[in-house]
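Visitor: This is final08.txt (compact mmCIF, C-alpha atoms).
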# COMPACT_ATOMS: atom_id res chain seq x y z
CA MET A 1 117.59 95.42 69.79
CA LEU A 2 114.14 96.60 70.94
CA ASN A 3 113.02 92.98 71.33
CA ASN A 4 115.93 92.26 73.67
CA ILE A 5 115.20 95.37 75.75
CA ALA A 6 111.51 94.45 75.90
CA PHE A 7 112.34 90.91 77.05
CA ILE A 8 114.72 92.18 79.77
CA LEU A 9 112.22 94.75 81.07
CA ASN A 10 109.52 92.10 81.28
CA MET A 11 111.81 89.68 83.16
CA ILE A 12 112.89 92.37 85.65
CA THR A 13 109.27 93.28 86.33
CA LEU A 14 108.24 89.63 86.67
CA ILE A 15 110.98 88.91 89.23
CA THR A 16 110.18 92.11 91.17
CA ASP A 17 106.48 91.26 91.30
CA ILE A 18 107.11 87.70 92.52
CA PHE A 19 109.39 89.10 95.24
CA THR A 20 106.66 91.62 96.20
CA CYS A 21 104.10 88.81 96.47
CA LEU A 22 106.36 86.91 98.87
CA ILE A 23 106.86 90.00 101.06
CA ILE A 24 103.11 90.66 101.19
CA LEU A 25 102.34 87.04 102.11
CA ILE A 26 104.79 87.24 105.04
CA ILE A 27 103.32 90.57 106.21
CA LEU A 28 99.74 89.27 105.92
CA PHE A 29 100.63 86.17 107.94
CA ILE A 30 102.15 88.34 110.68
CA ILE A 31 99.14 90.69 110.79
CA ILE A 32 96.51 87.92 110.85
CA TYR A 33 98.47 85.98 113.49
CA ASN A 34 98.64 89.02 115.79
CA ILE A 35 94.95 89.88 115.31
CA TYR A 36 93.94 86.29 116.13
CA TYR A 37 96.24 85.63 119.10
CA ASN A 38 96.72 89.06 120.69
CA ARG A 39 94.19 91.34 122.30
CA LEU A 40 94.27 94.68 120.56
CA LYS A 41 92.76 98.04 121.49
CA GLN A 42 89.92 99.34 119.33
CA GLU A 43 92.17 101.96 117.74
CA ASP A 44 94.93 99.44 116.99
CA ARG A 45 92.42 97.00 115.51
CA VAL A 46 91.13 99.65 113.10
CA VAL A 47 94.63 100.80 112.10
CA ILE A 48 95.83 97.24 111.49
CA TYR A 49 92.64 96.40 109.59
CA LEU A 50 93.20 99.42 107.33
CA CYS A 51 96.63 98.00 106.55
CA LEU A 52 95.06 94.59 106.11
CA THR A 53 92.80 95.98 103.38
CA ILE A 54 95.73 97.46 101.45
CA TYR A 55 97.97 94.38 101.36
CA PRO A 56 95.42 91.94 99.85
CA VAL A 57 94.55 94.51 97.17
CA ILE A 58 98.24 94.90 96.29
CA PHE A 59 98.66 91.12 96.31
CA LEU A 60 95.70 90.48 93.98
CA PHE A 61 96.79 93.26 91.63
CA ILE A 62 100.34 91.88 91.52
CA ILE A 63 99.04 88.34 90.89
CA ILE A 64 97.20 89.63 87.81
CA ALA A 65 100.32 91.55 86.77
CA VAL A 66 102.42 88.38 87.12
CA SER A 67 99.96 86.53 84.86
CA PHE A 68 100.35 89.35 82.31
CA HIS A 69 104.14 89.11 82.45
CA ILE A 70 104.03 85.33 82.04
CA GLN A 71 101.74 85.71 79.02
CA THR A 72 104.17 88.28 77.61
CA LEU A 73 107.09 85.93 78.24
CA LEU A 74 105.34 83.05 76.47
CA GLY A 75 104.42 85.37 73.63
CA ASP A 76 107.99 86.62 73.26
CA LEU A 77 109.45 83.13 73.30
CA TYR A 78 106.82 81.09 71.47
CA GLU A 79 104.44 83.70 70.01
CA LYS A 80 101.66 82.18 72.11
CA ASP A 81 98.33 83.98 71.65
CA SER A 82 96.70 84.56 75.06
CA ASN A 83 93.52 86.21 73.81
CA SER A 84 90.47 84.51 75.33
CA SER A 85 87.03 85.24 76.77
CA TRP A 86 88.69 86.05 80.12
CA CYS A 87 91.15 88.53 78.66
CA ILE A 88 89.04 91.72 78.88
CA PRO A 89 87.41 90.92 82.28
CA VAL A 90 90.85 90.27 83.83
CA GLY A 91 92.14 93.58 82.45
CA TYR A 92 89.11 95.35 83.92
CA ILE A 93 89.51 93.66 87.32
CA SER A 94 93.15 94.78 87.35
CA TYR A 95 92.03 98.41 87.11
CA VAL A 96 89.43 97.85 89.85
CA PHE A 97 92.12 96.55 92.22
CA LEU A 98 94.35 99.52 91.37
CA ASN A 99 91.47 101.86 92.20
CA MET A 100 90.83 100.01 95.48
CA PHE A 101 94.52 100.45 96.30
CA TYR A 102 94.10 104.24 96.36
CA TRP A 103 90.75 104.06 98.16
CA ALA A 104 92.45 102.18 100.98
CA PHE A 105 94.52 105.31 101.66
CA ILE A 106 91.30 107.36 101.70
CA ASN A 107 90.04 105.09 104.49
CA GLN A 108 93.21 105.73 106.49
CA ALA A 109 92.80 109.48 106.01
CA PHE A 110 89.11 109.32 107.00
CA PHE A 111 90.02 107.46 110.20
CA ARG A 112 92.44 110.26 111.15
CA LEU A 113 89.77 112.84 110.28
CA SER A 114 87.31 111.11 112.62
CA ARG A 115 89.87 111.08 115.45
CA ILE A 116 90.86 114.74 115.06
CA VAL A 117 87.71 116.59 113.96
CA TYR A 118 84.86 114.23 114.87
CA SER A 119 86.27 112.56 117.99
CA LYS A 120 82.88 112.86 119.73
CA TYR A 121 81.31 110.49 117.20
CA LYS A 122 82.84 107.23 118.36
CA TYR A 123 80.95 105.17 115.80
CA LEU A 124 83.21 106.71 113.13
CA GLN A 125 86.10 104.82 114.71
CA TYR A 126 84.40 101.43 114.90
CA PHE A 127 86.11 98.46 113.32
CA TRP A 128 83.03 97.26 111.42
CA LEU A 129 82.44 100.66 109.82
CA TYR A 130 85.63 100.30 107.78
CA ILE A 131 84.73 96.77 106.69
CA ILE A 132 81.43 98.14 105.34
CA LEU A 133 83.25 101.08 103.72
CA SER A 134 85.62 98.70 101.93
CA LEU A 135 82.68 96.77 100.45
CA ILE A 136 80.97 100.00 99.35
CA GLU A 137 84.18 101.23 97.74
CA LEU A 138 84.59 97.95 95.87
CA ILE A 139 81.11 98.36 94.38
CA PHE A 140 81.79 102.03 93.63
CA SER A 141 85.09 101.19 91.90
CA CYS A 142 83.34 98.65 89.68
CA ILE A 143 80.68 101.21 88.74
CA ILE A 144 82.97 104.21 88.21
CA LEU A 145 85.32 102.24 85.93
CA SER A 146 82.56 100.45 84.00
CA PRO A 147 82.52 103.00 81.10
CA ILE A 148 85.80 101.53 79.78
CA LEU A 149 83.85 98.30 79.20
CA PHE A 150 81.00 100.02 77.37
CA TRP A 151 83.44 102.03 75.26
CA HIS A 152 85.40 98.84 74.44
CA SER A 153 88.56 100.63 75.57
CA ILE A 154 90.17 97.40 76.80
CA THR A 155 91.65 95.56 73.84
CA TYR A 156 94.12 92.75 73.26
CA LEU A 157 97.69 94.04 72.96
CA THR A 158 99.23 92.01 70.15
CA LYS A 159 102.80 92.93 71.16
CA ASP A 160 102.31 92.33 74.90
CA TYR A 161 99.85 89.40 74.76
CA TYR A 162 97.25 90.58 77.32
CA CYS A 163 94.26 92.95 77.42
CA TYR A 164 94.62 96.54 78.61
CA VAL A 165 93.66 100.08 77.58
CA LYS A 166 95.94 101.41 74.84
CA PHE A 167 97.37 104.91 75.15
CA THR A 168 95.74 105.79 71.85
CA GLN A 169 92.34 105.16 73.52
CA THR A 170 92.12 108.75 74.77
CA ALA A 171 88.66 108.55 76.38
CA GLY A 172 89.47 105.33 78.24
CA ILE A 173 92.85 106.56 79.52
CA LEU A 174 91.45 109.92 80.68
CA TRP A 175 88.55 108.22 82.44
CA LEU A 176 90.94 105.86 84.21
CA ALA A 177 93.07 108.82 85.30
CA PHE A 178 89.95 110.54 86.66
CA GLY A 179 88.62 107.45 88.44
CA ILE A 180 91.86 106.00 89.79
CA TYR A 181 93.84 109.17 90.55
CA GLY A 182 91.50 112.17 90.34
CA ILE A 183 88.75 111.25 92.80
CA PRO A 184 91.06 109.89 95.57
CA LEU A 185 93.38 112.92 95.33
CA LEU A 186 90.43 115.30 95.48
CA LEU A 187 89.04 113.56 98.58
CA LEU A 188 92.47 113.50 100.26
CA SER A 189 92.88 117.23 99.62
CA MET A 190 89.43 117.97 101.07
CA ILE A 191 90.13 115.88 104.19
CA TYR A 192 93.50 117.57 104.73
CA LEU A 193 91.92 121.01 104.29
CA ARG A 194 89.19 120.17 106.82
CA ILE A 195 91.75 118.97 109.39
CA THR A 196 93.97 122.02 108.88
CA ILE A 197 91.06 124.48 109.29
CA PHE A 198 89.84 122.63 112.38
CA LEU A 199 93.25 122.70 114.11
CA ARG A 200 93.74 126.41 113.40
CA GLN A 201 90.39 127.17 115.01
CA GLN A 202 91.26 125.37 118.24
CA PRO A 203 91.81 127.52 121.37
CA ASN A 204 95.30 127.82 122.83
CA ASN A 205 94.13 126.65 126.27
CA GLN A 206 93.17 123.24 124.92
CA ALA A 207 94.04 120.24 127.11
CA LEU A 208 97.62 119.07 126.50
CA ALA A 209 96.64 115.39 126.08
CA VAL A 210 94.06 116.26 123.41
CA LYS A 211 96.48 118.52 121.58
CA GLN A 212 99.21 115.86 121.57
CA ARG A 213 96.78 113.23 120.26
CA GLN A 214 95.65 115.54 117.47
CA GLN A 215 99.24 116.34 116.51
CA ARG A 216 100.11 112.62 116.39
CA ASP A 217 97.14 111.96 114.10
CA LEU A 218 98.12 114.93 111.92
CA VAL A 219 101.66 113.56 111.57
CA VAL A 220 100.24 110.18 110.51
CA PHE A 221 97.92 111.88 108.02
CA ARG A 222 100.83 113.82 106.51
CA ARG A 223 102.70 110.53 106.11
CA ILE A 224 99.69 109.20 104.19
CA LEU A 225 99.85 112.28 101.96
CA ILE A 226 103.57 111.77 101.37
CA THR A 227 103.00 108.11 100.43
CA VAL A 228 100.18 108.97 98.02
CA GLY A 229 102.23 111.86 96.61
CA LEU A 230 105.09 109.48 95.82
CA LEU A 231 102.62 107.10 94.19
CA VAL A 232 101.32 109.92 91.99
CA ILE A 233 104.89 110.88 90.99
CA LEU A 234 105.45 107.30 89.89
CA GLY A 235 102.29 107.70 87.80
CA ILE A 236 103.88 110.49 85.73
CA PRO A 237 105.42 108.14 83.07
CA PRO A 238 101.97 107.02 81.86
CA ILE A 239 100.97 110.68 81.48
CA VAL A 240 104.12 111.37 79.44
CA LEU A 241 103.42 108.37 77.21
CA LEU A 242 99.80 109.52 76.80
CA ILE A 243 100.96 112.96 75.65
CA MET A 244 103.46 111.39 73.26
CA SER A 245 100.82 109.10 71.76
CA GLN A 246 98.44 112.04 71.27
CA ILE A 247 101.13 114.06 69.49
CA THR A 248 102.37 111.27 67.23
CA GLY A 249 99.05 109.45 66.84
CA GLU A 250 100.83 106.18 67.62
CA GLU A 251 101.60 104.29 70.80
CA PRO A 252 105.27 104.68 71.82
CA ALA A 253 107.47 101.62 71.42
CA LEU A 254 107.71 99.48 74.58
CA ALA A 255 105.07 101.67 76.25
CA PHE A 256 103.72 99.05 78.66
CA ARG A 257 107.11 97.39 79.13
CA LEU A 258 108.41 100.76 80.42
CA ILE A 259 105.42 101.44 82.67
CA TRP A 260 105.24 98.12 84.52
CA PRO A 261 108.60 98.56 86.35
CA PHE A 262 107.29 101.86 87.78
CA ILE A 263 104.09 100.14 88.90
CA SER A 264 106.12 97.35 90.51
CA LEU A 265 108.23 99.91 92.39
CA THR A 266 105.02 101.62 93.51
CA MET A 267 103.61 98.43 94.97
CA ILE A 268 106.76 97.24 96.74
CA GLY A 269 107.47 100.79 97.96
CA SER A 270 103.98 101.20 99.42
CA SER A 271 104.23 97.77 101.09
CA VAL A 272 107.42 98.80 102.89
CA SER A 273 106.30 102.38 103.64
CA LEU A 274 103.16 101.10 105.39
CA ILE A 275 105.38 99.28 107.87
CA ILE A 276 107.63 102.30 108.38
CA PHE A 277 104.82 104.85 108.76
CA THR A 278 102.33 102.70 110.77
CA SER A 279 103.57 102.53 114.37
CA GLN A 280 101.30 99.58 115.32
CA LEU A 281 102.53 97.49 112.39
CA LYS A 282 106.11 98.60 112.87
CA SER A 283 106.08 97.55 116.54
CA ILE A 284 104.73 94.10 115.61
CA ILE A 285 107.53 93.58 113.06
CA LEU A 286 110.20 94.85 115.49
CA LYS A 287 108.98 92.52 118.24
CA ILE A 288 109.34 89.54 115.91
CA ILE A 289 112.83 90.64 114.84
CA HIS A 290 113.97 91.11 118.46
CA HIS A 291 112.35 87.83 119.51
CA ASN A 292 114.17 85.88 116.80
CA ARG A 293 117.50 87.61 117.30
CA VAL A 294 120.20 85.28 118.63
CA ILE A 295 122.08 86.84 121.53
CA PRO A 296 125.67 85.53 121.71
CA GLU A 297 126.81 84.18 125.05
CA PRO A 298 129.49 86.26 126.77
CA ARG A 299 132.98 84.85 126.66
CA PRO A 300 134.39 83.60 130.00
Just dump the structure as structure tokens.
Guide:
Amino acid sequence: MLNNIAFILNMITLITDIFTCLIILIILFIIIYNIYYNRLKQEDRVVIYLCLTIYPVIFLFIIIAVSFHIQTLLGDLYEKDSNSSWCIPVGYISYVFLNMFYWAFINQAFFRLSRIVYSKYKYLQYFWLYIILSLIELIFSCIILSPILFWHSITYLTKDYYCYVKFTQTAGILWLAFGIYGIPLLLLSMIYLRITIFLRQQPNNQALAVKQRQQRDLVVFRRILITVGLLVILGIPPIVLLIMSQITGEEPALAFRLIWPFISLTMIGSSVSLIIFTSQLKSIILKIIHHNRVIPEPRP
């Protein structure tokens, strides 16, 4: 019975991830096409680039996840052993991409902080600054998550047929929670606090145009917080499984099979929410929809 449930969960997750990859490829094509062929304002270029950094990270993470699900499928059907010299590095890279996923939201929040609080420092809104930041964050993610390699926390999962950190590896799981969730949430909270304090200290006779721009940026920032908050809520199941494994001393049955559907929902949900909450990206998509809409000819 458990084997059948495990097989079904893996197939559902595999299909969802493939569908997510297709959506991201379409969105990436639309974004790159508009950047290349259309003249964009500096602000719009930065906003669209920040989205452009999130989608490739999601895509690469999902590609690795799809490879995991295929290995699991082959293992379930033919008991194929997928343990190799690439197994642990691929598992580690998967965590790095997941960390970069959350750092991409930090970049969006920092951009809004620079527009609201530090609007005088125009260099904080330059396009190239965020390209450099992305590279720095990639290096930082590799360094901050490296202890799980030294602790040998990533091991081959004999029931799932790929390499990941088991829930019984307490040090590795807690470090991942700190690196992937803890640091980004702390930085987001600090940025939000700084913006809130700054806006409360502003005089009432402030220019209307400035006040409206600040309020628009604050609304966008709150949308970022809502998105990240939903992502954290979807991260609750791993915490529950961690607690269960610490109490029982054993990893719960179907632990990873139950977690991957939540991760898939997180990725496809964030892909769609970025379009809904980012006005520049939303307008691009709507223009394409209206352009391709067939208008019926009026009857005589």
Visitor: May I ask which of the residues A:Phe127, A:Tyr192, A:Tyr78, A:Phe140 is the closest one to Ile48 of chain A, counting only C-alpha atoms?
Guide: A:Phe127
Visitor: If you count all atoms listed in the file, which residues fall within 12 Å of segment 79-91 of chain A, apart from same-chain ones fewer than 4 positions away, as a PyMOL selection string?
Guide: chain A and resi 60-61+63-65+67-75+95-98+142+145-146+148-150+152-166
Visitor: Print the selection's residues with C-alpha atoms to a file, as an mmCIF file, in the frame of the given file.
Guide:
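For reference, again12.cif as written:
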data_model
loop_
_atom_site.group_PDB
_atom_site.id
_atom_site.type_symbol
_atom_site.label_atom_id
_atom_site.label_comp_id
_atom_site.auth_asym_id
_atom_site.auth_seq_id
_atom_site.Cartn_x
_atom_site.Cartn_y
_atom_site.Cartn_z
ATOM 1 C CA LEU A 60 95.700 90.480 93.980
ATOM 2 C CA PHE A 61 96.790 93.260 91.630
ATOM 3 C CA ILE A 63 99.040 88.340 90.890
ATOM 4 C CA ILE A 64 97.200 89.630 87.810
ATOM 5 C CA ALA A 65 100.320 91.550 86.770
ATOM 6 C CA SER A 67 99.960 86.530 84.860
ATOM 7 C CA PHE A 68 100.350 89.350 82.310
ATOM 8 C CA HIS A 69 104.140 89.110 82.450
ATOM 9 C CA ILE A 70 104.030 85.330 82.040
ATOM 10 C CA GLN A 71 101.740 85.710 79.020
ATOM 11 C CA THR A 72 104.170 88.280 77.610
ATOM 12 C CA LEU A 73 107.090 85.930 78.240
ATOM 13 C CA LEU A 74 105.340 83.050 76.470
ATOM 14 C CA GLY A 75 104.420 85.370 73.630
ATOM 15 C CA TYR A 95 92.030 98.410 87.110
ATOM 16 C CA VAL A 96 89.430 97.850 89.850
ATOM 17 C CA PHE A 97 92.120 96.550 92.220
ATOM 18 C CA LEU A 98 94.350 99.520 91.370
ATOM 19 C CA CYS A 142 83.340 98.650 89.680
ATOM 20 C CA LEU A 145 85.320 102.240 85.930
ATOM 21 C CA SER A 146 82.560 100.450 84.000
ATOM 22 C CA ILE A 148 85.800 101.530 79.780
ATOM 23 C CA LEU A 149 83.850 98.300 79.200
ATOM 24 C CA PHE A 150 81.000 100.020 77.370
ATOM 25 C CA HIS A 152 85.400 98.840 74.440
ATOM 26 C CA SER A 153 88.560 100.630 75.570
ATOM 27 C CA ILE A 154 90.170 97.400 76.800
ATOM 28 C CA THR A 155 91.650 95.560 73.840
ATOM 29 C CA TYR A 156 94.120 92.750 73.260
ATOM 30 C CA LEU A 157 97.690 94.040 72.960
ATOM 31 C CA THR A 158 99.230 92.010 70.150
ATOM 32 C CA LYS A 159 102.800 92.930 71.160
ATOM 33 C CA ASP A 160 102.310 92.330 74.900
ATOM 34 C CA TYR A 161 99.850 89.400 74.760
ATOM 35 C CA TYR A 162 97.250 90.580 77.320
ATOM 36 C CA CYS A 163 94.260 92.950 77.420
ATOM 37 C CA TYR A 164 94.620 96.540 78.610
ATOM 38 C CA VAL A 165 93.660 100.080 77.580
ATOM 39 C CA LYS A 166 95.940 101.410 74.840
#
Visitor: Would you compute the distance between atom CA of Gln202 of chain A and atom CA of Val117 of chain A? Give it in Å to one decimal.
Guide: 10.4 Å
Visitor: Could you please determine the separation between atom CA of Ile131 of chain A and atom CA of Ser94 of chain A in Å, to one decimal place?
Guide: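 Pair atom CA of Ile131 of chain A / atom CA of Ser94 of chain A returns 21.2 Å.
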Visitor: Between A:Gln212, A:Ser270, A:Asn99, A:Ser134, which is the closest to Leu185 of chain A once you count only C-alpha atoms?
Guide: A:Asn99
Visitor: State, in Å with one decimal place, the distance from atom CA of Tyr130 of chain A to atom CA of Leu188 of chain A.
Guide: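 We find that atom CA of Tyr130 of chain A and atom CA of Leu188 of chain A lie 16.7 Å from each other.
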Visitor: Skipping near chain neighbours, those fewer than 5 positions away, what residues fall within 7 Å of segment 56-59 of chain A using only C-alpha atoms, listed as a ChimeraX atom specification?
Guide: /A:21,24,97,100-101,267
Visitor: Rank A:Leu193, A:Ile259, A:Ile32, A:Trp175 by their smallest atom-to-atom distance to Thr53 of chain A, using all atoms listed in the file, and report the top residue only.
Guide: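 Among A:Leu193, A:Ile259, A:Ile32, A:Trp175, it is A:Ile32 that comes nearest to Thr53 of chain A.
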Visitor: Of the residues A:Leu50, A:Leu9, A:Ile191, A:Ile143, which is the one nearest to Gly179 of chain A, using all atoms listed in the file?
Guide: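 Smallest distance to Gly179 of chain A is found for A:Ile143.
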Visitor: Segment 269-278 of chain A, all listed atoms, 8 Å padding on each side: what axis-aligned box centre and edge lengths in Å to one decimal come out, as JSON?
Guide:
{"center_x": 105.0, "center_y": 101.3, "center_z": 104.4, "size_x": 21.3, "size_y": 23.1, "size_z": 28.8}
Visitor: Here is a test: counting all atoms listed in the file, which residue of A:Ile31, A:Val228, A:Met190, A:Leu77 is nearest to Trp103 of chain A?
Guide: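 Of all the options, A:Val228 lies closest to Trp103 of chain A.
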Visitor: Using all atoms listed in the file, which residue out of A:Leu225, A:Cys51, A:Ile62, A:Ile275 lies closest to Asp17 of chain A?
Guide: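 Closest residue, counting all atoms listed in the file: A:Ile62.
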Visitor: For segment 244-246 of chain A, please output as a VMD selection string all residues within 12 Å (counting only C-alpha atoms; exclusion window: fewer than 2 positions along the same chain).
Guide: chain A and resid 166 to 171 173 to 174 237 to 242 248 to 253 255
